[in-house]
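Dumped my_file05.cif below, it's mmCIF, C-alpha atoms and all ligand atoms:
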data_target
#
loop_
_atom_site.label_atom_id
_atom_site.label_comp_id
_atom_site.auth_asym_id
_atom_site.auth_seq_id
_atom_site.Cartn_x
_atom_site.Cartn_y
_atom_site.Cartn_z
CA MET A 10 49.11 95.65 85.36
CA ALA A 11 47.98 92.21 86.32
CA SER A 12 50.33 90.64 83.74
CA VAL A 13 53.42 92.48 85.09
CA ALA A 14 53.17 91.33 88.69
CA PRO A 15 54.07 87.64 88.06
CA ILE A 16 57.27 88.76 86.31
CA PHE A 17 58.31 90.79 89.34
CA LYS A 18 57.47 87.83 91.49
CA LYS A 19 59.66 85.61 89.35
CA ALA A 20 62.55 88.06 89.50
CA TYR A 21 62.19 88.29 93.24
CA TRP A 22 62.35 84.54 93.70
CA SER A 23 65.31 84.20 91.28
CA LEU A 24 67.19 86.81 93.28
CA PHE A 25 66.24 85.08 96.51
CA TRP A 26 67.42 81.66 95.36
CA GLY A 27 70.51 83.07 93.65
CA THR A 28 71.60 84.88 96.79
CA SER A 29 70.81 81.92 99.03
CA PHE A 30 72.77 79.62 96.80
CA TYR A 31 75.71 82.02 96.79
CA VAL A 32 75.71 82.37 100.58
CA LEU A 33 75.53 78.58 100.92
CA ALA A 34 78.44 78.24 98.50
CA LEU A 35 80.49 80.71 100.58
CA ILE A 36 79.71 78.73 103.71
CA ALA A 37 80.59 75.48 101.97
CA PHE A 38 83.90 77.07 100.95
CA THR A 39 84.83 77.34 104.64
CA ASN A 40 85.12 73.55 104.66
CA PRO A 41 88.91 72.92 104.40
CA TRP A 42 88.57 69.82 102.23
CA LEU A 43 86.25 71.49 99.74
CA GLN A 44 88.31 74.68 99.76
CA ARG A 45 91.45 72.79 98.83
CA GLN A 46 89.60 70.88 96.10
CA ILE A 47 88.60 74.22 94.58
CA LEU A 48 91.86 76.13 95.08
CA TYR A 49 94.30 73.43 94.05
CA ALA A 50 91.92 71.87 91.51
CA HIS A 51 94.30 68.91 91.54
CA ASN A 52 91.54 66.58 90.42
CA VAL A 53 90.78 68.76 87.42
CA GLN A 54 92.90 67.83 84.45
CA THR A 55 92.94 67.71 80.69
CA THR A 56 95.43 64.85 80.38
CA TRP A 57 93.17 62.03 81.62
CA TRP A 58 93.25 60.33 78.25
CA GLN A 59 96.96 60.69 77.74
CA ASP A 60 99.82 58.80 79.35
CA ILE A 61 102.15 61.30 80.96
CA ASN A 62 104.77 58.56 81.07
CA LYS A 63 104.91 58.92 77.28
CA PRO A 64 106.10 62.51 76.76
CA GLU A 65 106.17 61.92 72.98
CA GLN A 66 102.40 62.39 73.20
CA PHE A 67 103.14 66.00 74.10
CA GLY A 68 105.57 66.61 71.26
CA PHE A 69 108.91 65.63 72.77
CA VAL A 70 111.42 63.38 71.06
CA LYS A 71 111.84 59.85 72.39
CA ASN A 72 113.38 59.87 75.87
CA GLN A 73 114.08 63.61 75.79
CA ILE A 74 112.11 63.49 79.01
CA THR A 75 112.76 61.00 81.78
CA PRO A 76 109.75 60.59 84.07
CA PHE A 77 110.77 59.44 87.56
CA ASN A 78 109.72 59.41 91.20
CA PHE A 79 111.41 60.71 94.31
CA THR A 80 110.28 60.47 97.92
CA THR A 81 109.79 63.38 100.32
CA PRO A 82 110.98 63.30 103.96
CA ASP A 83 107.34 62.65 104.97
CA GLN A 84 107.12 59.69 102.58
CA GLU A 85 105.04 61.05 99.72
CA VAL A 86 106.05 59.86 96.27
CA ILE A 87 106.48 62.80 93.92
CA TYR A 88 106.26 62.36 90.19
CA ALA A 89 108.74 64.39 88.14
CA TRP A 90 110.04 65.00 84.65
CA HIS A 91 113.66 65.58 83.79
CA ILE A 92 113.62 67.40 80.46
CA MET A 93 116.94 67.53 78.66
CA PRO A 94 118.02 70.29 76.29
CA LEU A 95 117.44 69.38 72.66
CA ALA A 96 120.92 70.49 71.54
CA LEU A 97 122.45 68.05 74.02
CA TYR A 98 120.02 65.32 72.99
CA ALA A 99 121.09 65.78 69.35
CA LYS A 100 124.66 64.93 70.32
CA HIS A 101 123.65 61.69 72.04
CA GLU A 102 120.50 60.74 70.15
CA SER A 103 121.20 57.11 69.27
CA GLU A 104 122.29 56.19 72.77
CA ILE A 105 119.31 57.93 74.36
CA ILE A 106 116.75 56.41 71.98
CA ALA A 107 118.05 52.94 72.84
CA GLN A 108 117.36 53.43 76.55
CA PRO A 109 114.23 52.07 78.26
CA SER A 110 111.21 54.44 78.25
CA GLY A 111 108.51 55.23 80.79
CA CYS A 112 108.85 56.07 84.46
CA ALA A 113 112.49 55.31 85.35
CA GLU A 114 113.12 52.73 88.09
CA ASP A 115 116.44 54.43 88.81
CA ILE A 116 116.99 57.73 87.06
CA THR A 117 120.65 57.86 88.07
CA LYS A 118 121.30 55.05 85.58
CA THR A 119 120.01 57.04 82.58
CA LYS A 120 122.27 58.76 80.08
CA ALA A 121 120.25 61.98 80.37
CA PHE A 122 120.81 62.09 84.11
CA ARG A 123 124.56 61.48 83.77
CA LEU A 124 124.78 64.27 81.20
CA LEU A 125 123.16 66.60 83.73
CA ARG A 126 125.23 65.48 86.70
CA ASP A 127 128.62 65.27 84.99
CA ASP A 128 128.58 68.51 82.98
CA PRO A 129 130.17 71.33 85.00
CA ASP A 130 128.32 73.84 82.79
CA ALA A 131 124.87 72.28 83.03
CA ARG A 132 122.15 74.60 84.23
CA LEU A 133 118.88 73.48 85.76
CA ILE A 134 115.53 75.21 85.92
CA ILE A 135 113.27 73.82 88.62
CA ASN A 136 109.72 74.43 87.48
CA PHE A 137 106.76 74.78 89.83
CA HIS A 138 103.47 74.78 87.95
CA GLY A 139 100.15 76.45 88.71
CA ASN A 140 97.03 74.83 90.10
CA ALA A 141 95.11 72.06 88.32
CA GLY A 142 96.42 69.38 86.04
CA THR A 143 99.83 67.84 85.70
CA VAL A 144 103.34 68.56 84.43
CA ALA A 145 101.93 67.89 80.96
CA GLN A 146 98.92 70.20 81.08
CA GLY A 147 98.16 73.03 78.68
CA TRP A 148 100.95 75.50 77.92
CA ARG A 149 103.32 73.82 80.35
CA THR A 150 104.84 71.47 77.77
CA ASP A 151 105.33 74.33 75.31
CA SER A 152 107.08 76.30 78.03
CA TYR A 153 109.59 73.47 78.59
CA ARG A 154 110.35 73.50 74.89
CA ALA A 155 110.74 77.28 74.87
CA LEU A 156 113.30 76.96 77.67
CA ALA A 157 115.11 73.76 76.69
CA ASP A 158 115.14 73.73 72.89
CA GLY A 159 117.43 76.71 72.29
CA SER A 160 120.29 75.86 69.90
CA THR A 161 123.14 76.68 72.28
CA SER A 162 121.37 75.60 75.38
CA ASN A 163 122.70 73.50 78.22
CA ILE A 164 119.59 74.23 80.20
CA HIS A 165 117.84 71.21 81.72
CA ILE A 166 114.45 71.36 83.42
CA LEU A 167 113.02 69.56 86.40
CA ALA A 168 109.22 69.75 86.63
CA ILE A 169 107.23 68.13 89.41
CA ASP A 170 103.65 67.35 90.27
CA TYR A 171 102.95 68.31 93.87
CA ARG A 172 101.38 65.76 96.20
CA GLY A 173 97.85 64.92 95.11
CA PHE A 174 98.48 66.10 91.53
CA GLY A 175 98.79 63.67 88.63
CA LEU A 176 100.64 60.49 89.59
CA SER A 177 102.05 61.84 92.86
CA THR A 178 100.67 60.39 96.08
CA GLY A 179 98.88 62.26 98.89
CA SER A 180 96.73 65.37 98.85
CA PRO A 181 97.78 69.01 98.71
CA THR A 182 98.11 71.47 101.57
CA GLU A 183 100.33 74.55 101.73
CA GLU A 184 102.68 72.85 104.17
CA GLY A 185 102.84 69.66 102.11
CA ILE A 186 103.42 71.36 98.77
CA ILE A 187 106.30 73.35 100.28
CA ILE A 188 107.85 70.08 101.49
CA ASP A 189 107.58 68.78 97.91
CA GLY A 190 109.23 71.90 96.49
CA ILE A 191 112.10 71.71 98.96
CA ALA A 192 112.50 67.98 98.26
CA ALA A 193 112.79 68.73 94.52
CA VAL A 194 115.59 71.23 95.16
CA ASP A 195 117.31 68.79 97.54
CA TRP A 196 117.15 66.16 94.81
CA ALA A 197 118.76 68.57 92.35
CA ILE A 198 121.56 69.57 94.70
CA ASN A 199 122.27 66.24 96.38
CA VAL A 200 121.37 63.62 93.78
CA ALA A 201 121.89 65.45 90.49
CA LYS A 202 124.82 67.34 92.08
CA VAL A 203 123.93 70.66 90.47
CA PRO A 204 125.14 73.47 92.75
CA SER A 205 122.54 76.11 93.61
CA SER A 206 124.58 78.72 91.68
CA ARG A 207 123.51 76.86 88.51
CA ILE A 208 119.86 76.48 89.49
CA VAL A 209 117.00 78.82 88.64
CA ILE A 210 113.68 78.39 90.43
CA LEU A 211 110.74 79.28 88.19
CA GLY A 212 107.08 79.29 89.13
CA GLN A 213 103.83 80.29 87.49
CA SER A 214 100.62 81.27 89.30
CA LEU A 215 100.31 78.97 92.36
CA GLY A 216 103.87 77.91 91.50
CA THR A 217 105.12 81.43 92.34
CA ALA A 218 103.83 80.93 95.88
CA VAL A 219 105.66 77.59 96.05
CA THR A 220 108.78 79.29 94.68
CA ALA A 221 108.56 82.08 97.28
CA ALA A 222 108.30 79.58 100.13
CA VAL A 223 111.13 77.39 98.79
CA VAL A 224 113.61 80.22 98.18
CA GLU A 225 112.78 81.71 101.60
CA HIS A 226 113.59 78.33 103.14
CA TYR A 227 116.96 78.11 101.36
CA ALA A 228 117.82 81.74 102.13
CA GLN A 229 117.40 80.83 105.80
CA GLU A 230 119.98 78.08 105.24
CA GLY A 231 122.38 80.45 103.48
CA VAL A 232 121.79 78.96 100.01
CA ASP A 233 121.55 81.39 97.05
CA PHE A 234 120.28 80.43 93.61
CA ALA A 235 121.34 81.72 90.20
CA GLY A 236 117.92 83.30 89.93
CA VAL A 237 114.25 83.26 90.76
CA VAL A 238 111.51 83.84 88.18
CA LEU A 239 107.93 84.52 89.20
CA VAL A 240 105.40 84.43 86.36
CA ALA A 241 101.81 85.63 86.94
CA GLY A 242 102.18 85.58 90.71
CA PHE A 243 100.21 87.05 93.58
CA THR A 244 101.04 88.77 96.87
CA THR A 245 98.94 86.52 99.14
CA LEU A 246 96.21 84.04 98.38
CA THR A 247 93.84 85.70 100.85
CA GLU A 248 94.05 89.05 99.08
CA LEU A 249 93.97 87.47 95.66
CA LEU A 250 90.75 85.53 96.09
CA PRO A 251 88.30 88.47 95.88
CA SER A 252 89.87 89.54 92.56
CA TYR A 253 90.53 86.08 91.17
CA SER A 254 88.48 85.04 88.16
CA ILE A 255 88.09 81.35 87.50
CA ALA A 256 89.27 80.65 83.94
CA GLY A 257 89.53 84.39 83.47
CA TRP A 258 85.83 85.27 83.52
CA LEU A 259 84.13 84.15 86.72
CA PRO A 260 85.04 86.55 89.58
CA ILE A 261 83.35 84.27 92.04
CA LEU A 262 84.33 86.08 95.25
CA ALA A 263 84.14 89.64 93.96
CA PRO A 264 81.11 90.52 96.19
CA LEU A 265 83.44 90.17 99.19
CA LYS A 266 85.21 93.32 98.04
CA SER A 267 82.13 95.37 98.87
CA SER A 268 82.44 94.80 102.61
CA PRO A 269 85.81 94.86 104.42
CA ALA A 270 84.22 93.35 107.53
CA LEU A 271 82.76 90.44 105.59
CA PHE A 272 86.10 89.96 103.82
CA ARG A 273 87.99 89.87 107.14
CA LEU A 274 85.55 87.37 108.58
CA TRP A 275 85.71 85.23 105.52
CA SER A 276 89.52 85.36 105.22
CA ASN A 277 89.81 83.73 108.64
CA TYR A 278 88.52 80.64 106.92
CA VAL A 279 91.15 80.57 104.17
CA VAL A 280 93.16 77.54 105.28
CA ASP A 281 96.23 78.01 103.07
CA LYS A 282 97.18 81.68 102.91
CA TRP A 283 100.39 81.55 100.83
CA PRO A 284 101.88 84.90 101.99
CA SER A 285 104.26 85.31 99.04
CA ALA A 286 105.07 89.02 99.42
CA THR A 287 106.30 88.44 102.99
CA ARG A 288 108.25 85.37 101.92
CA ILE A 289 109.86 87.14 98.98
CA ALA A 290 110.83 90.03 101.28
CA ASN A 291 112.46 87.56 103.69
CA PHE A 292 114.24 85.88 100.80
CA VAL A 293 115.62 89.21 99.56
CA ARG A 294 116.65 90.29 103.05
CA LEU A 295 118.42 87.04 103.95
CA SER A 296 120.15 86.33 100.61
CA LYS A 297 123.62 87.54 99.73
CA ARG A 298 122.88 87.53 96.02
CA VAL A 299 119.48 88.03 94.42
CA ARG A 300 118.41 87.85 90.78
CA LEU A 301 114.65 88.15 90.96
CA PHE A 302 112.42 88.44 87.90
CA ILE A 303 108.75 89.26 88.32
CA VAL A 304 106.92 88.71 85.03
CA HIS A 305 103.24 89.40 84.41
CA ALA A 306 101.08 90.00 81.34
CA LYS A 307 98.90 93.11 81.28
CA ASP A 308 96.07 91.06 79.77
CA ASP A 309 96.08 88.39 82.48
CA ALA A 310 92.36 88.02 83.23
CA GLU A 311 92.78 85.53 86.09
CA ILE A 312 95.32 87.27 88.32
CA PRO A 313 95.57 91.07 87.90
CA TRP A 314 99.05 92.22 86.84
CA THR A 315 99.07 94.71 89.71
CA ASN A 316 100.08 91.76 91.90
CA ALA A 317 103.51 92.07 90.25
CA GLU A 318 103.70 95.64 91.60
CA GLY A 319 103.00 94.38 95.11
CA LEU A 320 105.69 91.71 94.88
CA PHE A 321 108.18 94.22 93.47
CA LEU A 322 107.44 96.69 96.28
CA ALA A 323 107.96 94.07 98.95
CA ALA A 324 111.21 92.87 97.34
CA ALA A 325 112.66 96.34 96.70
CA ASN A 326 111.77 97.48 100.22
CA ALA A 327 113.60 94.45 101.62
CA THR A 328 116.89 95.48 99.99
CA THR A 329 117.12 98.27 102.56
CA GLU A 330 117.86 97.77 106.23
CA LYS A 331 114.94 99.71 107.67
CA GLY A 332 112.56 99.68 104.74
CA MET A 333 111.42 102.60 102.64
CA ASP A 334 108.38 104.71 102.11
CA VAL A 335 106.19 103.24 99.39
CA SER A 336 106.02 106.59 97.58
CA LEU A 337 109.82 106.86 97.58
CA ILE A 338 110.17 103.32 96.21
CA GLN A 339 107.70 104.19 93.48
CA LYS A 340 109.56 107.39 92.61
CA MET A 341 112.89 105.59 92.35
CA LYS A 342 111.23 102.80 90.43
CA SER A 343 109.77 105.11 87.80
CA ARG A 344 113.25 106.57 87.23
CA ASN A 345 114.51 103.08 86.43
CA THR A 346 111.68 102.04 84.18
CA VAL A 347 111.90 101.50 80.44
CA HIS A 348 108.59 101.72 78.61
CA MET A 349 108.17 99.57 75.54
CA GLY A 350 104.76 100.54 74.22
CA ASP A 351 101.32 98.94 74.63
CA GLY A 352 101.71 99.34 78.38
CA ALA A 353 104.73 97.02 78.57
CA PHE A 354 107.65 98.05 80.76
CA ILE A 355 110.71 96.83 82.64
CA SER A 356 111.57 98.29 86.02
CA THR A 357 114.97 97.48 87.47
CA TRP A 358 115.91 97.84 91.10
CA LYS A 359 119.54 97.43 92.09
CA SER A 360 121.08 97.26 95.48
CA GLY A 361 124.73 97.31 94.48
CA ASN A 362 125.44 94.42 92.14
CA ASP A 363 124.36 91.86 94.69
CA LYS A 364 120.62 92.25 94.56
CA ILE A 365 118.85 92.91 91.30
CA ILE A 366 115.07 92.86 90.99
CA ARG A 367 113.27 93.25 87.69
CA GLU A 368 109.57 93.70 87.15
CA GLU A 369 108.73 92.85 83.56
CA ILE A 370 105.24 93.65 82.44
CA VAL A 371 104.45 92.36 78.98
CA ALA A 372 101.45 93.54 77.01
CA TYR A 373 100.27 90.10 75.89
CA GLY A 374 100.40 86.53 77.13
CA HIS A 375 97.34 86.12 79.35
CA HIS A 376 97.72 84.03 82.49
CA SER A 377 99.36 80.83 81.25
CA ARG A 378 100.57 81.30 77.70
CA VAL A 379 103.01 83.99 78.88
CA LEU A 380 105.06 81.13 80.32
CA THR A 381 106.05 80.18 76.77
CA TYR A 382 107.05 83.73 75.82
CA ALA A 383 110.59 84.93 75.17
CA THR A 384 110.53 87.25 78.19
CA VAL A 385 110.54 84.22 80.48
CA SER A 386 113.35 82.49 78.56
CA LEU A 387 115.31 85.74 78.61
CA ALA A 388 114.86 86.00 82.37
CA ALA A 389 116.32 82.48 82.71
CA LEU A 390 119.29 83.36 80.46
CA LYS A 391 119.94 86.51 82.47
CA ALA A 392 119.69 84.64 85.75
CA PHE A 393 122.23 82.13 84.46
CA GLY A 394 124.61 84.94 83.51
CA MET A 395 124.26 84.14 79.80
CA ASP A 396 123.62 87.79 78.96
CA GLU A 397 125.56 91.01 78.46
CA GLY A 398 125.86 91.28 82.23
CA GLY A 399 128.37 88.45 82.25
CA ALA A 400 129.32 85.23 83.87
CA LEU A 401 127.81 83.14 86.59
CA PRO A 402 129.23 83.80 90.01
CA VAL A 403 131.26 80.91 91.42
C1 LIG B 501 106.12 55.98 90.89
O1 LIG B 501 105.19 56.24 91.92
C2 LIG B 501 103.85 55.85 91.62
C3 LIG B 501 102.98 56.30 92.79
O2 LIG B 501 103.42 55.74 93.99
C4 LIG B 501 103.79 54.35 91.37
O3 LIG B 501 102.47 54.00 91.00
C5 LIG B 501 104.76 53.98 90.28
O4 LIG B 501 104.80 52.60 90.11
C6 LIG B 501 106.16 54.50 90.60
N1 LIG B 501 107.03 54.19 89.45
C7 LIG B 501 108.25 53.67 89.58
C8 LIG B 501 108.98 53.36 88.33
O5 LIG B 501 108.77 53.48 90.68
C1 LIG B 502 109.32 97.82 104.36
O1 LIG B 502 110.23 97.28 105.32
C2 LIG B 502 109.98 97.67 106.66
C3 LIG B 502 111.14 97.15 107.51
O2 LIG B 502 111.35 95.79 107.30
C4 LIG B 502 108.62 97.17 107.08
O3 LIG B 502 108.36 97.56 108.40
C5 LIG B 502 107.57 97.71 106.13
O4 LIG B 502 106.30 97.16 106.44
C6 LIG B 502 107.91 97.36 104.69
N1 LIG B 502 106.98 97.97 103.76
C7 LIG B 502 106.45 97.31 102.73
C8 LIG B 502 105.57 98.10 101.82
O5 LIG B 502 106.65 96.12 102.52
#

Before we go any further, please render this structure as structure tokens.
Amino acid sequence: MASVAPIFKKAYWSLFWGTSFYVLALIAFTNPWLQRQILYAHNVQTTWWQDINKPEQFGFVKNQITPFNFTTPDQEVIYAWHIMPLALYAKHESEIIAQPSGCAEDITKTKAFRLLRDDPDARLIINFHGNAGTVAQGWRTDSYRALADGSTSNIHILAIDYRGFGLSTGSPTEEGIIIDGIAAVDWAINVAKVPSSRIVILGQSLGTAVTAAVVEHYAQEGVDFAGVVLVAGFTTLTELLPSYSIAGWLPILAPLKSSPALFRLWSNYVVDKWPSATRIANFVRLSKRVRLFIVHAKDDAEIPWTNAEGLFLAAANATTEKGMDVSLIQKMKSRNTVHMGDGAFISTWKSGNDKIIREEIVAYGHHSRVLTYATVSLAALKAFGMDEGGALPV
């Protein structure tokens, strides 16, 4: 027996130190600065050794992308990419190749910009990316190609790095990032002169929360978009955190799920709450026309796909004046659901022809790669009226 005791002792001390460390980490997390460093992960990136002012390094043709800056009302400088459709590039290749490269001093002088501004059929997707990295990180560049390189496409993309990310100035907060998102849309409408009826707002992960806030803002101003696409979103950041797994395997805050009281206490310390479900409901309620696509992969290990259900519920409920019973919404939803095997399905909710909400659950795609999948491109085409449903509204 004498040889067993030290092992127990060791285990005891490991548990003691492990728990203490964890509790200390939770307490440290209540520090707003540290919390934002962890949640936004804006200083974590994989493109340190690459020059994001040279998009050829990420597989684009010369000057297909114009990097440029714009300034927000509170004087942050936001770094952005204008990505032009390849089919349009092909028609103007020699002129575009001859233009200066790198971050544009004045984007309005570029050929690519003029082609966007002066084409009455040009469509624009405004892309809000997830946390960490830059416009050029990971699957993001592939997703631009999936959206912009279609053979008949006149779909341009505007992608931005929020304040504190990449080459943008400042540091991120919920309030600040929303200002950046609104400033990007203002740039599109007022500088690039693309009317909102030809703009789709698309976000992934954290970007869905930015999208929800931005479209809520414009709905309050009476501005409708061609469509809104939420990929791998969440209902609120506070509720997400206990089920969020860093990089898909480290459910760091899962122990909070065991005690509602501890969770409530702790959630008071979440500085940026990103209440997307509420914002999406407001957006649906205030808009005259809604084309909302909620896309999530079943095998998303970072954000559970059930968040899509929550967003759908909030949106569908908001199409009715007084709201509906959740069980009734679910019953009506299941009647309008097409199952496609492997757990994939599409649920469609229609309130007349004015408000259409689709929840599209795909079987594969994980958390980020799904952005490059055809379901997302199809959502954009449908939002732009380039489908069997017909033309864009005027
Ligand atoms: C864009 O903004 C960044 C950050 O302020 C700055 O370093 C860079 O020089 C700007 N580029 C141009 C072309 O204005
Ligand atoms: C549905 O809408 C009603 C009225 O706006 C609201 O009181 C209720 O909380 C909503 N339910 C859900 C599940 O969002």

Rank A:Val200, A:Trp90, A:Phe25, A:Ser180 by their smallest atom-to-atom distance to Arg123 (chain A), using all atoms listed in the file, and report the top residue only.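 That would be A:Val200, the residue with the smallest distance to Arg123 (chain A).
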
At most 7 Å is the cut-off: for each residue in chain A with any atom that close to an atom of ligand LIG 501 (chain B), write down the nearest atom pair and the distance in Å rounded to one decimal, counting all atoms listed in the file, chain first then increasing number, as CSV.
residue,atom,partner,partner_atom,distance
A:Phe77,CA,B:LIG501,C8,6.4
A:Asn78,CA,B:LIG501,C1,5.0
A:Val86,CA,B:LIG501,O2,5.4
A:Ile87,CA,B:LIG501,O1,7.0
A:Tyr88,CA,B:LIG501,C1,6.4
A:Cys112,CA,B:LIG501,C8,4.7
A:Ala113,CA,B:LIG501,C8,5.0
A:Glu114,CA,B:LIG501,C8,4.2
A:Leu176,CA,B:LIG501,C3,5.8
A:Ser177,CA,B:LIG501,C3,5.6
A:Thr178,CA,B:LIG501,C3,5.7

How would you write, as an NGL selection string, the set of residues no farther than 12 Å from ligand LIG 502 (chain B) when counting all atoms listed in the file? :A and (244 or 285-291 or 293-295 or 318-339)

What separates CA of Thr182 (chain A) and CA of Asp195 (chain A) is a distance of 19.8 Å

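The protein and nucleic acid residues lying at most 12 Å from Trp58 (chain A) are Gln66, Ala145 and Gln146 of chain A, with all atoms listed in the file considered and sequence neighbours fewer than 6 positions away removed.
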
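Here CA of Pro129 (chain A) stands at a distance of 17.0 Å from CA of Ala392 (chain A).
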
Output region 41-54 of chain A with N, CA, C and O atoms present, as a PDB file, keeping the file's coordinate frame.
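Okay, out-v2.pdb is ready:
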ATOM      1  N   PRO A  41      87.528  73.002 104.904  1.00  0.00           N
ATOM      2  CA  PRO A  41      88.910  72.920 104.400  1.00  0.00           C
ATOM      3  C   PRO A  41      89.070  71.948 103.224  1.00  0.00           C
ATOM      4  O   PRO A  41      89.783  72.245 102.274  1.00  0.00           O
ATOM      5  N   TRP A  42      88.398  70.805 103.289  1.00  0.00           N
ATOM      6  CA  TRP A  42      88.570  69.820 102.230  1.00  0.00           C
ATOM      7  C   TRP A  42      88.060  70.381 100.898  1.00  0.00           C
ATOM      8  O   TRP A  42      88.752  70.344  99.885  1.00  0.00           O
ATOM      9  N   LEU A  43      86.847  70.946 100.954  1.00  0.00           N
ATOM     10  CA  LEU A  43      86.250  71.490  99.740  1.00  0.00           C
ATOM     11  C   LEU A  43      87.066  72.671  99.208  1.00  0.00           C
ATOM     12  O   LEU A  43      87.288  72.821  98.007  1.00  0.00           O
ATOM     13  N   GLN A  44      87.516  73.510 100.142  1.00  0.00           N
ATOM     14  CA  GLN A  44      88.310  74.680  99.760  1.00  0.00           C
ATOM     15  C   GLN A  44      89.564  74.273  98.993  1.00  0.00           C
ATOM     16  O   GLN A  44      89.908  74.858  97.976  1.00  0.00           O
ATOM     17  N   ARG A  45      90.224  73.228  99.500  1.00  0.00           N
ATOM     18  CA  ARG A  45      91.450  72.790  98.830  1.00  0.00           C
ATOM     19  C   ARG A  45      91.145  72.146  97.472  1.00  0.00           C
ATOM     20  O   ARG A  45      91.903  72.294  96.523  1.00  0.00           O
ATOM     21  N   GLN A  46      90.001  71.447  97.394  1.00  0.00           N
ATOM     22  CA  GLN A  46      89.600  70.880  96.100  1.00  0.00           C
ATOM     23  C   GLN A  46      89.452  71.997  95.069  1.00  0.00           C
ATOM     24  O   GLN A  46      89.853  71.865  93.917  1.00  0.00           O
ATOM     25  N   ILE A  47      88.859  73.120  95.513  1.00  0.00           N
ATOM     26  CA  ILE A  47      88.600  74.220  94.580  1.00  0.00           C
ATOM     27  C   ILE A  47      89.896  74.978  94.260  1.00  0.00           C
ATOM     28  O   ILE A  47      90.201  75.235  93.104  1.00  0.00           O
ATOM     29  N   LEU A  48      90.671  75.308  95.303  1.00  0.00           N
ATOM     30  CA  LEU A  48      91.860  76.130  95.080  1.00  0.00           C
ATOM     31  C   LEU A  48      92.963  75.396  94.338  1.00  0.00           C
ATOM     32  O   LEU A  48      93.582  75.942  93.439  1.00  0.00           O
ATOM     33  N   TYR A  49      93.219  74.157  94.722  1.00  0.00           N
ATOM     34  CA  TYR A  49      94.300  73.430  94.050  1.00  0.00           C
ATOM     35  C   TYR A  49      93.808  72.774  92.771  1.00  0.00           C
ATOM     36  O   TYR A  49      94.593  72.553  91.864  1.00  0.00           O
ATOM     37  N   ALA A  50      92.520  72.477  92.706  1.00  0.00           N
ATOM     38  CA  ALA A  50      91.920  71.870  91.510  1.00  0.00           C
ATOM     39  C   ALA A  50      92.771  70.710  90.989  1.00  0.00           C
ATOM     40  O   ALA A  50      92.884  70.505  89.795  1.00  0.00           O
ATOM     41  N   HIS A  51      93.370  69.981  91.942  1.00  0.00           N
ATOM     42  CA  HIS A  51      94.300  68.910  91.540  1.00  0.00           C
ATOM     43  C   HIS A  51      93.589  67.728  90.905  1.00  0.00           C
ATOM     44  O   HIS A  51      94.224  66.879  90.302  1.00  0.00           O
ATOM     45  N   ASN A  52      92.267  67.661  91.092  1.00  0.00           N
ATOM     46  CA  ASN A  52      91.540  66.580  90.420  1.00  0.00           C
ATOM     47  C   ASN A  52      90.955  67.014  89.080  1.00  0.00           C
ATOM     48  O   ASN A  52      90.282  66.239  88.415  1.00  0.00           O
ATOM     49  N   VAL A  53      91.230  68.268  88.721  1.00  0.00           N
ATOM     50  CA  VAL A  53      90.780  68.760  87.420  1.00  0.00           C
ATOM     51  C   VAL A  53      91.952  68.647  86.451  1.00  0.00           C
ATOM     52  O   VAL A  53      92.998  69.236  86.676  1.00  0.00           O
ATOM     53  N   GLN A  54      91.805  67.871  85.412  1.00  0.00           N
ATOM     54  CA  GLN A  54      92.900  67.830  84.450  1.00  0.00           C
ATOM     55  C   GLN A  54      92.438  67.518  83.030  1.00  0.00           C
ATOM     56  O   GLN A  54      91.350  66.984  82.826  1.00  0.00           O
TER      57      GLN A  54
END
